[in-house]
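A short worksheet on the structure shown next.
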Amino acid sequence: MNLTEIQDLIKFVAKSGVTEVEIEKKDFKITIKAENLRKGRGVEPQPVYQAMPMAMPAAQMPAPTAPAPAAAPAPAAAPAPVAENKNYIEIKSPMIGTFYRKPSPDKPLFVEVGDTIKPGDVLCIIEAMKLFNEIEAEINGKVVKILVDDNSPIEYDQPLFLVDPS
Amino acid sequence: MTTNFVGQPTIRLKTVDSTNKYAANFMSLSEWSEGTAILSEHQTEGRGRKDKNWNSSAGENLLMSLMLKPNFLLAHEVFQLSMAMALAVGATVSSFGIDQVSVKWPNDIYVESKKIAGILIENQVRGQIVVSSIVGIGLNVNQINGLDDRATSFKKVLGNDLSVNVVFDQLCLELEKQYQTLRSNPLAILEDYNEGLYAKGIPRAYVFNEIQNAVLIGVERNGFARFSTSEGEKHYDIDSVRWVW
């Protein structure tokens, strides 16, 4: 571990809201304590702690068996209002699974039609065999159309998003 | 004996919402090397599959997340990672002298018919490639109180306390070993996984469309399981099968 990595770690610990961190590698051990950062105030909601109350049996991931009674979102189901354009790029599913547009039912959508995306942005989650796979964008562009309903089964290579790369 | 990369470094926390979330945050905010592990004494929001909370009291159990870069795996092959990690946890349990350890499809670790460990894997996929992976592991070590009827722990089986750190060191060794095998010889992972599969070859009740007796024959590379049923052999994914207890 070099100095930059250690600095990164300290920065991360400060941001993470955890009070005490011990980092151990073969030849050394560092303990970082951030007591003062967290004493009193409680003004800044610490991102890592912003959890839901424990009492809530939080369905963090939608149970795939639940048939989502809240009707499939219209945009994907409705016939495409956009003229098919040969320059659009299809983003296809790399695997069989269940398509989710949100990280969890109470969270906002990863992307909506009209959003600008860049490489690394998470577009959706595909759950397969109890593995949760975040599908990241590889290109810059604008989401023109979402081709699959939230919470529905998808096949390998099935087109998921239509993106305008221009 | 130490590992080359698994648990190098290990970030030790007293408490955290979930080690997987912490790892995800870590990945997005800082440079990290493959094998970095997050180990916490307590989790306030630990979750298992389908959001069952992984109940445990502070310091009793082993709660960790391992950060990997399995970019040698294609997204549609990623179930193999799940198999390798489950084998590593199972081997760790066995190495402390516990018998009858098996992996229940897809990735729970059982001692006889009780769960001792669970795994929750979150992957980041770009194109066809699995660029990074967070392997969350919850292993019951010294917990006795508050264990579910169908759960067990090292202490419950062995009758004595174990150091979580000692179990962790062993787990890191096994995780590294299985991960390296996954890289060099994934077929061996598939074979070993099927070798130690819970309820394999034993007639029992499952719910497919309706409750029926069937025999689990084996699990394929993509995670689908084969069952022998009264209507012949069937392939099912995990969401199409419920276990009857």
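Going by the structure tokens order, chains are called A, B, ..., each with residues numbered from 1, while ligands are numbered from 1 in the order shown.
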
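Excluding Lys177 in chain B itself and any same-chain residue fewer than 3 positions from it, the protein and nucleic acid residues within 12 Å of it, counting only C-alpha atoms, are Thr2, Thr3, Asn4, Phe5, Val6, Ala84, Met85, Leu87, Ala88, Val89, Ala91, Thr92, Gln170, Leu171, Cys172, Leu173, Glu174, Gln180, Thr181, Leu182, Arg183, Ser184, Asn185 and Ile189 of chain B.
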
Cut-off 9 Å: closest chain B/chain A atom pairs per residue, using only C-alpha atoms, as JSON lines:
{"residue": "B:Thr2", "atom": "CA", "partner": "A:Lys26", "partner_atom": "CA", "distance": 8.1}
{"residue": "B:Thr3", "atom": "CA", "partner": "A:Lys26", "partner_atom": "CA", "distance": 8.9}
{"residue": "B:Gly7", "atom": "CA", "partner": "A:Lys25", "partner_atom": "CA", "distance": 7.6}
{"residue": "B:Gln8", "atom": "CA", "partner": "A:Lys25", "partner_atom": "CA", "distance": 5.2}
{"residue": "B:Pro9", "atom": "CA", "partner": "A:Lys25", "partner_atom": "CA", "distance": 4.6}
{"residue": "B:Thr10", "atom": "CA", "partner": "A:Glu24", "partner_atom": "CA", "distance": 5.2}
{"residue": "B:Ile11", "atom": "CA", "partner": "A:Ile23", "partner_atom": "CA", "distance": 4.5}
{"residue": "B:Arg12", "atom": "CA", "partner": "A:Glu22", "partner_atom": "CA", "distance": 4.8}
{"residue": "B:Leu13", "atom": "CA", "partner": "A:Val21", "partner_atom": "CA", "distance": 5.1}
{"residue": "B:Lys14", "atom": "CA", "partner": "A:Glu20", "partner_atom": "CA", "distance": 6.7}
{"residue": "B:Thr15", "atom": "CA", "partner": "A:Val18", "partner_atom": "CA", "distance": 7.6}
{"residue": "B:Val16", "atom": "CA", "partner": "A:Val18", "partner_atom": "CA", "distance": 7.0}
{"residue": "B:Asp17", "atom": "CA", "partner": "A:Tyr49", "partner_atom": "CA", "distance": 6.1}
{"residue": "B:Ser18", "atom": "CA", "partner": "A:Val48", "partner_atom": "CA", "distance": 8.6}
{"residue": "B:Lys21", "atom": "CA", "partner": "A:Val48", "partner_atom": "CA", "distance": 7.7}
{"residue": "B:Tyr22", "atom": "CA", "partner": "A:Val48", "partner_atom": "CA", "distance": 7.0}
{"residue": "B:Asn25", "atom": "CA", "partner": "A:Ser16", "partner_atom": "CA", "distance": 8.0}
{"residue": "B:Phe26", "atom": "CA", "partner": "A:Phe12", "partner_atom": "CA", "distance": 6.9}
{"residue": "B:Leu29", "atom": "CA", "partner": "A:Phe12", "partner_atom": "CA", "distance": 6.7}
{"residue": "B:Ser30", "atom": "CA", "partner": "A:Asp8", "partner_atom": "CA", "distance": 5.9}
{"residue": "B:Glu31", "atom": "CA", "partner": "A:Glu5", "partner_atom": "CA", "distance": 7.0}
{"residue": "B:Trp32", "atom": "CA", "partner": "A:Glu5", "partner_atom": "CA", "distance": 7.9}
{"residue": "B:Thr44", "atom": "CA", "partner": "A:Met54", "partner_atom": "CA", "distance": 7.1}
{"residue": "B:Glu45", "atom": "CA", "partner": "A:Met54", "partner_atom": "CA", "distance": 6.8}
{"residue": "B:Arg47", "atom": "CA", "partner": "A:Gln60", "partner_atom": "CA", "distance": 8.6}
{"residue": "B:Arg49", "atom": "CA", "partner": "A:Lys130", "partner_atom": "CA", "distance": 7.0}
{"residue": "B:Lys50", "atom": "CA", "partner": "A:Ala63", "partner_atom": "CA", "distance": 6.0}
{"residue": "B:Asp51", "atom": "CA", "partner": "A:Ala59", "partner_atom": "CA", "distance": 5.7}
{"residue": "B:Lys52", "atom": "CA", "partner": "A:Pro57", "partner_atom": "CA", "distance": 7.9}
{"residue": "B:Asn53", "atom": "CA", "partner": "A:Pro57", "partner_atom": "CA", "distance": 7.9}
{"residue": "B:Leu74", "atom": "CA", "partner": "A:Pro94", "partner_atom": "CA", "distance": 8.2}
{"residue": "B:Ala75", "atom": "CA", "partner": "A:Pro94", "partner_atom": "CA", "distance": 5.9}
{"residue": "B:His76", "atom": "CA", "partner": "A:Met95", "partner_atom": "CA", "distance": 4.7}
{"residue": "B:Glu77", "atom": "CA", "partner": "A:Met95", "partner_atom": "CA", "distance": 8.5}
{"residue": "B:Val78", "atom": "CA", "partner": "A:Leu131", "partner_atom": "CA", "distance": 8.3}
{"residue": "B:Phe79", "atom": "CA", "partner": "A:Met129", "partner_atom": "CA", "distance": 7.1}
{"residue": "B:Ser82", "atom": "CA", "partner": "A:Leu131", "partner_atom": "CA", "distance": 7.8}
{"residue": "B:Pro106", "atom": "CA", "partner": "A:Met129", "partner_atom": "CA", "distance": 7.0}
{"residue": "B:Asn107", "atom": "CA", "partner": "A:Lys130", "partner_atom": "CA", "distance": 8.5}
{"residue": "B:Leu120", "atom": "CA", "partner": "A:Leu131", "partner_atom": "CA", "distance": 7.1}
{"residue": "B:Ile121", "atom": "CA", "partner": "A:Leu131", "partner_atom": "CA", "distance": 5.4}
{"residue": "B:Glu122", "atom": "CA", "partner": "A:Phe132", "partner_atom": "CA", "distance": 4.7}
{"residue": "B:Asn123", "atom": "CA", "partner": "A:Asn133", "partner_atom": "CA", "distance": 4.6}
{"residue": "B:Gln124", "atom": "CA", "partner": "A:Glu134", "partner_atom": "CA", "distance": 4.7}
{"residue": "B:Val125", "atom": "CA", "partner": "A:Ile135", "partner_atom": "CA", "distance": 4.9}
{"residue": "B:Arg126", "atom": "CA", "partner": "A:Glu136", "partner_atom": "CA", "distance": 5.1}
{"residue": "B:Gly127", "atom": "CA", "partner": "A:Glu138", "partner_atom": "CA", "distance": 6.7}
{"residue": "B:Gln128", "atom": "CA", "partner": "A:Pro94", "partner_atom": "CA", "distance": 5.5}
{"residue": "B:Ile129", "atom": "CA", "partner": "A:Pro94", "partner_atom": "CA", "distance": 8.5}
{"residue": "B:Val130", "atom": "CA", "partner": "A:Asn133", "partner_atom": "CA", "distance": 8.7}
{"residue": "B:Ser133", "atom": "CA", "partner": "A:Asn133", "partner_atom": "CA", "distance": 8.9}
{"residue": "B:Asn222", "atom": "CA", "partner": "A:Met129", "partner_atom": "CA", "distance": 8.5}
{"residue": "B:Gly223", "atom": "CA", "partner": "A:Met129", "partner_atom": "CA", "distance": 6.3}
{"residue": "B:Phe224", "atom": "CA", "partner": "A:Met129", "partner_atom": "CA", "distance": 8.0}
{"residue": "B:Asp237", "atom": "CA", "partner": "A:Met129", "partner_atom": "CA", "distance": 6.9}
{"residue": "B:Ile238", "atom": "CA", "partner": "A:Met129", "partner_atom": "CA", "distance": 5.8}
{"residue": "B:Asp239", "atom": "CA", "partner": "A:Thr65", "partner_atom": "CA", "distance": 7.1}
{"residue": "B:Ser240", "atom": "CA", "partner": "A:Thr65", "partner_atom": "CA", "distance": 8.9}

Taking the DSSP secondary structure from the backbone, can you list the residues of range 30-194 of chain B that are alpha helix (DSSP H), as an mmCIF file with N, CA, C and O atoms, in the first residue's frame?
data_model
loop_
_atom_site.group_PDB
_atom_site.id
_atom_site.type_symbol
_atom_site.label_atom_id
_atom_site.label_comp_id
_atom_site.auth_asym_id
_atom_site.auth_seq_id
_atom_site.Cartn_x
_atom_site.Cartn_y
_atom_site.Cartn_z
ATOM 1 N N PHE B 79 -22.487 -16.944 -12.660
ATOM 2 C CA PHE B 79 -22.915 -17.867 -11.605
ATOM 3 C C PHE B 79 -21.732 -18.699 -11.082
ATOM 4 O O PHE B 79 -21.712 -19.134 -9.934
ATOM 5 N N GLN B 80 -20.750 -18.879 -11.935
ATOM 6 C CA GLN B 80 -19.570 -19.646 -11.516
ATOM 7 C C GLN B 80 -18.836 -18.988 -10.348
ATOM 8 O O GLN B 80 -18.228 -19.657 -9.523
ATOM 9 N N LEU B 81 -18.902 -17.668 -10.307
ATOM 10 C CA LEU B 81 -18.304 -16.954 -9.177
ATOM 11 C C LEU B 81 -19.049 -17.310 -7.892
ATOM 12 O O LEU B 81 -18.456 -17.552 -6.846
ATOM 13 N N SER B 82 -20.364 -17.355 -8.017
ATOM 14 C CA SER B 82 -21.195 -17.714 -6.878
ATOM 15 C C SER B 82 -20.852 -19.118 -6.371
ATOM 16 O O SER B 82 -20.739 -19.356 -5.164
ATOM 17 N N MET B 83 -20.641 -20.034 -7.315
ATOM 18 C CA MET B 83 -20.278 -21.405 -6.933
ATOM 19 C C MET B 83 -18.934 -21.423 -6.209
ATOM 20 O O MET B 83 -18.781 -22.079 -5.173
ATOM 21 N N ALA B 84 -17.966 -20.706 -6.757
ATOM 22 C CA ALA B 84 -16.618 -20.716 -6.174
ATOM 23 C C ALA B 84 -16.630 -20.141 -4.757
ATOM 24 O O ALA B 84 -15.992 -20.684 -3.843
ATOM 25 N N MET B 85 -17.370 -19.063 -4.575
ATOM 26 C CA MET B 85 -17.410 -18.428 -3.259
ATOM 27 C C MET B 85 -18.105 -19.338 -2.241
ATOM 28 O O MET B 85 -17.691 -19.451 -1.094
ATOM 29 N N ALA B 86 -19.174 -19.999 -2.692
ATOM 30 C CA ALA B 86 -19.882 -20.921 -1.791
ATOM 31 C C ALA B 86 -18.978 -22.089 -1.398
ATOM 32 O O ALA B 86 -18.965 -22.518 -0.239
ATOM 33 N N LEU B 87 -18.204 -22.586 -2.350
ATOM 34 C CA LEU B 87 -17.269 -23.673 -2.044
ATOM 35 C C LEU B 87 -16.242 -23.233 -1.007
ATOM 36 O O LEU B 87 -15.884 -23.989 -0.096
ATOM 37 N N ALA B 88 -15.781 -21.994 -1.146
ATOM 38 C CA ALA B 88 -14.775 -21.481 -0.209
ATOM 39 C C ALA B 88 -15.354 -21.394 1.209
ATOM 40 O O ALA B 88 -14.692 -21.777 2.182
ATOM 41 N N VAL B 89 -16.578 -20.918 1.319
ATOM 42 C CA VAL B 89 -17.187 -20.806 2.650
ATOM 43 C C VAL B 89 -17.411 -22.208 3.225
ATOM 44 O O VAL B 89 -17.110 -22.474 4.386
ATOM 45 N N GLY B 90 -17.890 -23.114 2.381
ATOM 46 C CA GLY B 90 -18.103 -24.492 2.823
ATOM 47 C C GLY B 90 -16.806 -25.145 3.293
ATOM 48 O O GLY B 90 -16.759 -25.797 4.343
ATOM 49 N N ALA B 91 -15.727 -24.937 2.533
ATOM 50 C CA ALA B 91 -14.429 -25.526 2.896
ATOM 51 C C ALA B 91 -13.938 -24.947 4.224
ATOM 52 O O ALA B 91 -13.316 -25.650 5.033
ATOM 53 N N THR B 92 -14.217 -23.666 4.444
ATOM 54 C CA THR B 92 -13.814 -23.034 5.707
ATOM 55 C C THR B 92 -14.525 -23.700 6.886
ATOM 56 O O THR B 92 -13.898 -24.025 7.895
ATOM 57 N N VAL B 93 -15.824 -23.919 6.717
ATOM 58 C CA VAL B 93 -16.597 -24.553 7.795
ATOM 59 C C VAL B 93 -16.040 -25.955 8.064
ATOM 60 O O VAL B 93 -15.770 -26.322 9.208
ATOM 61 N N SER B 94 -15.819 -26.712 7.001
ATOM 62 C CA SER B 94 -15.281 -28.071 7.158
ATOM 63 C C SER B 94 -13.929 -28.072 7.843
ATOM 64 O O SER B 94 -13.622 -28.973 8.629
ATOM 65 N N SER B 95 -13.115 -27.068 7.546
ATOM 66 C CA SER B 95 -11.738 -27.069 8.060
ATOM 67 C C SER B 95 -11.686 -26.939 9.578
ATOM 68 O O SER B 95 -10.647 -27.182 10.177
ATOM 69 N N PHE B 154 -21.021 -22.158 14.291
ATOM 70 C CA PHE B 154 -19.857 -22.955 14.708
ATOM 71 C C PHE B 154 -20.027 -23.386 16.162
ATOM 72 O O PHE B 154 -19.827 -24.536 16.515
ATOM 73 N N LYS B 155 -20.418 -22.414 17.004
ATOM 74 C CA LYS B 155 -20.504 -22.691 18.430
ATOM 75 C C LYS B 155 -21.586 -23.724 18.729
ATOM 76 O O LYS B 155 -21.412 -24.598 19.568
ATOM 77 N N LYS B 156 -22.680 -23.606 17.993
ATOM 78 C CA LYS B 156 -23.773 -24.551 18.238
ATOM 79 C C LYS B 156 -23.341 -25.975 17.868
ATOM 80 O O LYS B 156 -23.682 -26.929 18.542
ATOM 81 N N VAL B 157 -22.573 -26.076 16.801
ATOM 82 C CA VAL B 157 -22.146 -27.403 16.362
ATOM 83 C C VAL B 157 -20.982 -27.918 17.207
ATOM 84 O O VAL B 157 -20.973 -29.071 17.635
ATOM 85 N N LEU B 158 -19.997 -27.057 17.471
ATOM 86 C CA LEU B 158 -18.767 -27.515 18.116
ATOM 87 C C LEU B 158 -18.816 -27.415 19.639
ATOM 88 O O LEU B 158 -18.039 -28.062 20.337
ATOM 89 N N VAL B 164 -13.353 -15.038 15.826
ATOM 90 C CA VAL B 164 -13.817 -14.640 14.495
ATOM 91 C C VAL B 164 -12.617 -14.345 13.595
ATOM 92 O O VAL B 164 -12.635 -14.645 12.399
ATOM 93 N N ASN B 165 -11.559 -13.805 14.177
ATOM 94 C CA ASN B 165 -10.372 -13.493 13.372
ATOM 95 C C ASN B 165 -9.691 -14.738 12.823
ATOM 96 O O ASN B 165 -9.190 -14.738 11.698
ATOM 97 N N VAL B 166 -9.703 -15.781 13.608
ATOM 98 C CA VAL B 166 -9.106 -17.040 13.141
ATOM 99 C C VAL B 166 -9.936 -17.610 11.982
ATOM 100 O O VAL B 166 -9.397 -18.052 10.970
ATOM 101 N N VAL B 167 -11.260 -17.545 12.136
ATOM 102 C CA VAL B 167 -12.133 -18.026 11.059
ATOM 103 C C VAL B 167 -11.939 -17.158 9.812
ATOM 104 O O VAL B 167 -11.868 -17.668 8.692
ATOM 105 N N PHE B 168 -11.821 -15.868 10.035
ATOM 106 C CA PHE B 168 -11.636 -14.944 8.911
ATOM 107 C C PHE B 168 -10.353 -15.259 8.133
ATOM 108 O O PHE B 168 -10.354 -15.276 6.901
ATOM 109 N N ASP B 169 -9.265 -15.494 8.856
ATOM 110 C CA ASP B 169 -7.993 -15.807 8.183
ATOM 111 C C ASP B 169 -8.130 -17.056 7.317
ATOM 112 O O ASP B 169 -7.641 -17.107 6.186
ATOM 113 N N GLN B 170 -8.797 -18.054 7.860
ATOM 114 C CA GLN B 170 -8.999 -19.291 7.110
ATOM 115 C C GLN B 170 -9.894 -19.048 5.891
ATOM 116 O O GLN B 170 -9.626 -19.532 4.795
ATOM 117 N N LEU B 171 -10.934 -18.262 6.103
ATOM 118 C CA LEU B 171 -11.860 -17.953 5.009
ATOM 119 C C LEU B 171 -11.129 -17.236 3.868
ATOM 120 O O LEU B 171 -11.341 -17.546 2.697
ATOM 121 N N CYS B 172 -10.250 -16.308 4.224
ATOM 122 C CA CYS B 172 -9.494 -15.593 3.184
ATOM 123 C C CYS B 172 -8.650 -16.563 2.357
ATOM 124 O O CYS B 172 -8.588 -16.456 1.133
ATOM 125 N N LEU B 173 -8.013 -17.499 3.034
ATOM 126 C CA LEU B 173 -7.211 -18.504 2.323
ATOM 127 C C LEU B 173 -8.070 -19.310 1.346
ATOM 128 O O LEU B 173 -7.696 -19.514 0.198
ATOM 129 N N GLU B 174 -9.236 -19.743 1.833
ATOM 130 C CA GLU B 174 -10.116 -20.566 0.991
ATOM 131 C C GLU B 174 -10.696 -19.751 -0.164
ATOM 132 O O GLU B 174 -10.819 -20.255 -1.288
ATOM 133 N N LEU B 175 -11.056 -18.516 0.114
ATOM 134 C CA LEU B 175 -11.604 -17.664 -0.950
ATOM 135 C C LEU B 175 -10.565 -17.469 -2.052
ATOM 136 O O LEU B 175 -10.872 -17.539 -3.243
ATOM 137 N N GLU B 176 -9.331 -17.245 -1.623
ATOM 138 C CA GLU B 176 -8.268 -17.047 -2.609
ATOM 139 C C GLU B 176 -8.041 -18.309 -3.444
ATOM 140 O O GLU B 176 -7.912 -18.258 -4.667
ATOM 141 N N LYS B 177 -8.048 -19.428 -2.759
ATOM 142 C CA LYS B 177 -7.816 -20.705 -3.444
ATOM 143 C C LYS B 177 -8.923 -20.970 -4.485
ATOM 144 O O LYS B 177 -8.638 -21.295 -5.641
ATOM 145 N N GLN B 178 -10.161 -20.831 -4.078
ATOM 146 C CA GLN B 178 -11.270 -21.121 -4.993
ATOM 147 C C GLN B 178 -11.329 -20.097 -6.133
ATOM 148 O O GLN B 178 -11.665 -20.438 -7.270
ATOM 149 N N TYR B 179 -11.018 -18.863 -5.827
ATOM 150 C CA TYR B 179 -11.036 -17.819 -6.856
ATOM 151 C C TYR B 179 -9.967 -18.106 -7.909
ATOM 152 O O TYR B 179 -10.189 -17.928 -9.112
ATOM 153 N N GLN B 180 -8.824 -18.573 -7.444
ATOM 154 C CA GLN B 180 -7.758 -18.913 -8.398
ATOM 155 C C GLN B 180 -8.139 -20.129 -9.236
ATOM 156 O O GLN B 180 -7.827 -20.189 -10.422
ATOM 157 N N THR B 181 -8.815 -21.069 -8.615
ATOM 158 C CA THR B 181 -9.289 -22.225 -9.383
ATOM 159 C C THR B 181 -10.326 -21.788 -10.416
ATOM 160 O O THR B 181 -10.315 -22.257 -11.560
ATOM 161 N N LEU B 182 -11.201 -20.886 -10.007
ATOM 162 C CA LEU B 182 -12.206 -20.374 -10.940
ATOM 163 C C LEU B 182 -11.531 -19.781 -12.178
ATOM 164 O O LEU B 182 -11.970 -19.967 -13.308
ATOM 165 N N ARG B 183 -10.429 -19.081 -11.938
ATOM 166 C CA ARG B 183 -9.707 -18.452 -13.037
ATOM 167 C C ARG B 183 -9.020 -19.487 -13.931
ATOM 168 O O ARG B 183 -9.066 -19.399 -15.148
ATOM 169 N N SER B 184 -8.434 -20.497 -13.307
ATOM 170 C CA SER B 184 -7.613 -21.416 -14.089
ATOM 171 C C SER B 184 -8.377 -22.652 -14.564
ATOM 172 O O SER B 184 -8.061 -23.213 -15.599
ATOM 173 N N PRO B 186 -12.334 -23.516 -14.349
ATOM 174 C CA PRO B 186 -13.712 -23.361 -13.897
ATOM 175 C C PRO B 186 -14.501 -24.672 -13.873
ATOM 176 O O PRO B 186 -15.439 -24.810 -13.084
ATOM 177 N N LEU B 187 -14.082 -25.625 -14.696
ATOM 178 C CA LEU B 187 -14.786 -26.910 -14.709
ATOM 179 C C LEU B 187 -14.664 -27.615 -13.355
ATOM 180 O O LEU B 187 -15.598 -28.273 -12.891
ATOM 181 N N ALA B 188 -13.516 -27.450 -12.716
ATOM 182 C CA ALA B 188 -13.301 -28.058 -11.397
ATOM 183 C C ALA B 188 -14.265 -27.454 -10.376
ATOM 184 O O ALA B 188 -14.753 -28.145 -9.481
ATOM 185 N N ILE B 189 -14.543 -26.170 -10.520
ATOM 186 C CA ILE B 189 -15.494 -25.505 -9.614
ATOM 187 C C ILE B 189 -16.875 -26.128 -9.791
ATOM 188 O O ILE B 189 -17.548 -26.463 -8.812
ATOM 189 N N LEU B 190 -17.273 -26.288 -11.029
ATOM 190 C CA LEU B 190 -18.586 -26.873 -11.312
ATOM 191 C C LEU B 190 -18.692 -28.292 -10.725
ATOM 192 O O LEU B 190 -19.691 -28.651 -10.118
ATOM 193 N N GLU B 191 -17.625 -29.062 -10.910
ATOM 194 C CA GLU B 191 -17.631 -30.442 -10.388
ATOM 195 C C GLU B 191 -17.693 -30.464 -8.867
ATOM 196 O O GLU B 191 -18.485 -31.192 -8.274
ATOM 197 N N ASP B 192 -16.863 -29.648 -8.234
ATOM 198 C CA ASP B 192 -16.843 -29.616 -6.761
ATOM 199 C C ASP B 192 -18.172 -29.132 -6.203
ATOM 200 O O ASP B 192 -18.653 -29.620 -5.184
ATOM 201 N N TYR B 193 -18.737 -28.158 -6.889
ATOM 202 C CA TYR B 193 -20.023 -27.615 -6.434
ATOM 203 C C TYR B 193 -21.093 -28.713 -6.476
ATOM 204 O O TYR B 193 -21.855 -28.888 -5.530
ATOM 205 N N ASN B 194 -21.105 -29.444 -7.547
ATOM 206 C CA ASN B 194 -22.103 -30.512 -7.676
ATOM 207 C C ASN B 194 -21.832 -31.668 -6.719
ATOM 208 O O ASN B 194 -22.754 -32.321 -6.242
#

Using the chain letters and numbers from this document, which residues of range 82-201 of chain B does DSSP assign to strand (DSSP E or B), as a VMD selection string? chain B and resid 101 to 104 108 to 111 114 to 126 129 to 139 151 197 200

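Reported to one decimal place, the separation of CA of Phe110 in chain A from CA of Cys124 in chain A is 6.2 Å.
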
Would you list the contacts of Asn20 in chain B as a count of residues only, taking every protein, DNA or RNA residue within 8 Å and counting only C-alpha atoms, but skipping same-chain residues closer than 2 positions in sequence? 9

Quick one: distance from CA of Val219 in chain B to CA of Lys69 in chain B in Å, one decimal? 24.6 Å

Given only C-alpha atoms as the basis, pick out the residue of A:Thr116, A:Asn2, A:Asn87, A:Asn151 nearest to Lys102 in chain A.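 Comparing A:Thr116, A:Asn2, A:Asn87, A:Asn151 against Lys102 in chain A, the winner is A:Asn151.
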
For CA of Ser228 in chain B and CA of Tyr206 in chain B, determine how far apart the two atoms are, in Å to one decimal place.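 Rounded to one decimal, the two atoms are 11.4 Å apart.
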
Give me the residues near Lys145 in chain A as a PDB file with all heavy atoms, in the first residue's frame, where near means some atom within 7 Å (using only C-alpha atoms) and where sequence neighbours in that chain fewer than 5 positions away do not count.
ATOM      1  N   VAL A 113     -36.230   8.133 -19.854  1.00  0.00           N
ATOM      2  CA  VAL A 113     -36.139   8.612 -21.231  1.00  0.00           C
ATOM      3  C   VAL A 113     -35.766  10.100 -21.189  1.00  0.00           C
ATOM      4  O   VAL A 113     -36.316  10.867 -20.415  1.00  0.00           O
ATOM      5  CB  VAL A 113     -37.477   8.393 -21.973  1.00  0.00           C
ATOM      6  CG1 VAL A 113     -37.477   9.113 -23.321  1.00  0.00           C
ATOM      7  CG2 VAL A 113     -37.729   6.903 -22.160  1.00  0.00           C
ATOM      8  N   PHE A 161     -32.270  -0.835 -23.973  1.00  0.00           N
ATOM      9  CA  PHE A 161     -32.355   0.626 -24.110  1.00  0.00           C
ATOM     10  C   PHE A 161     -31.993   1.025 -25.533  1.00  0.00           C
ATOM     11  O   PHE A 161     -31.168   0.391 -26.177  1.00  0.00           O
ATOM     12  CB  PHE A 161     -31.337   1.309 -23.180  1.00  0.00           C
ATOM     13  CG  PHE A 161     -31.562   1.022 -21.718  1.00  0.00           C
ATOM     14  CD1 PHE A 161     -30.908  -0.059 -21.111  1.00  0.00           C
ATOM     15  CD2 PHE A 161     -32.399   1.808 -20.943  1.00  0.00           C
ATOM     16  CE1 PHE A 161     -31.102  -0.335 -19.759  1.00  0.00           C
ATOM     17  CE2 PHE A 161     -32.592   1.554 -19.591  1.00  0.00           C
ATOM     18  CZ  PHE A 161     -31.944   0.468 -19.013  1.00  0.00           C
ATOM     19  N   LEU A 162     -32.625   2.112 -25.964  1.00  0.00           N
ATOM     20  CA  LEU A 162     -32.256   2.721 -27.237  1.00  0.00           C
ATOM     21  C   LEU A 162     -31.604   4.053 -26.891  1.00  0.00           C
ATOM     22  O   LEU A 162     -32.196   4.866 -26.168  1.00  0.00           O
ATOM     23  CB  LEU A 162     -33.530   2.936 -28.058  1.00  0.00           C
ATOM     24  CG  LEU A 162     -33.409   2.930 -29.581  1.00  0.00           C
ATOM     25  CD1 LEU A 162     -32.744   1.646 -30.070  1.00  0.00           C
ATOM     26  CD2 LEU A 162     -34.780   3.092 -30.201  1.00  0.00           C
TER      27      LEU A 162
END
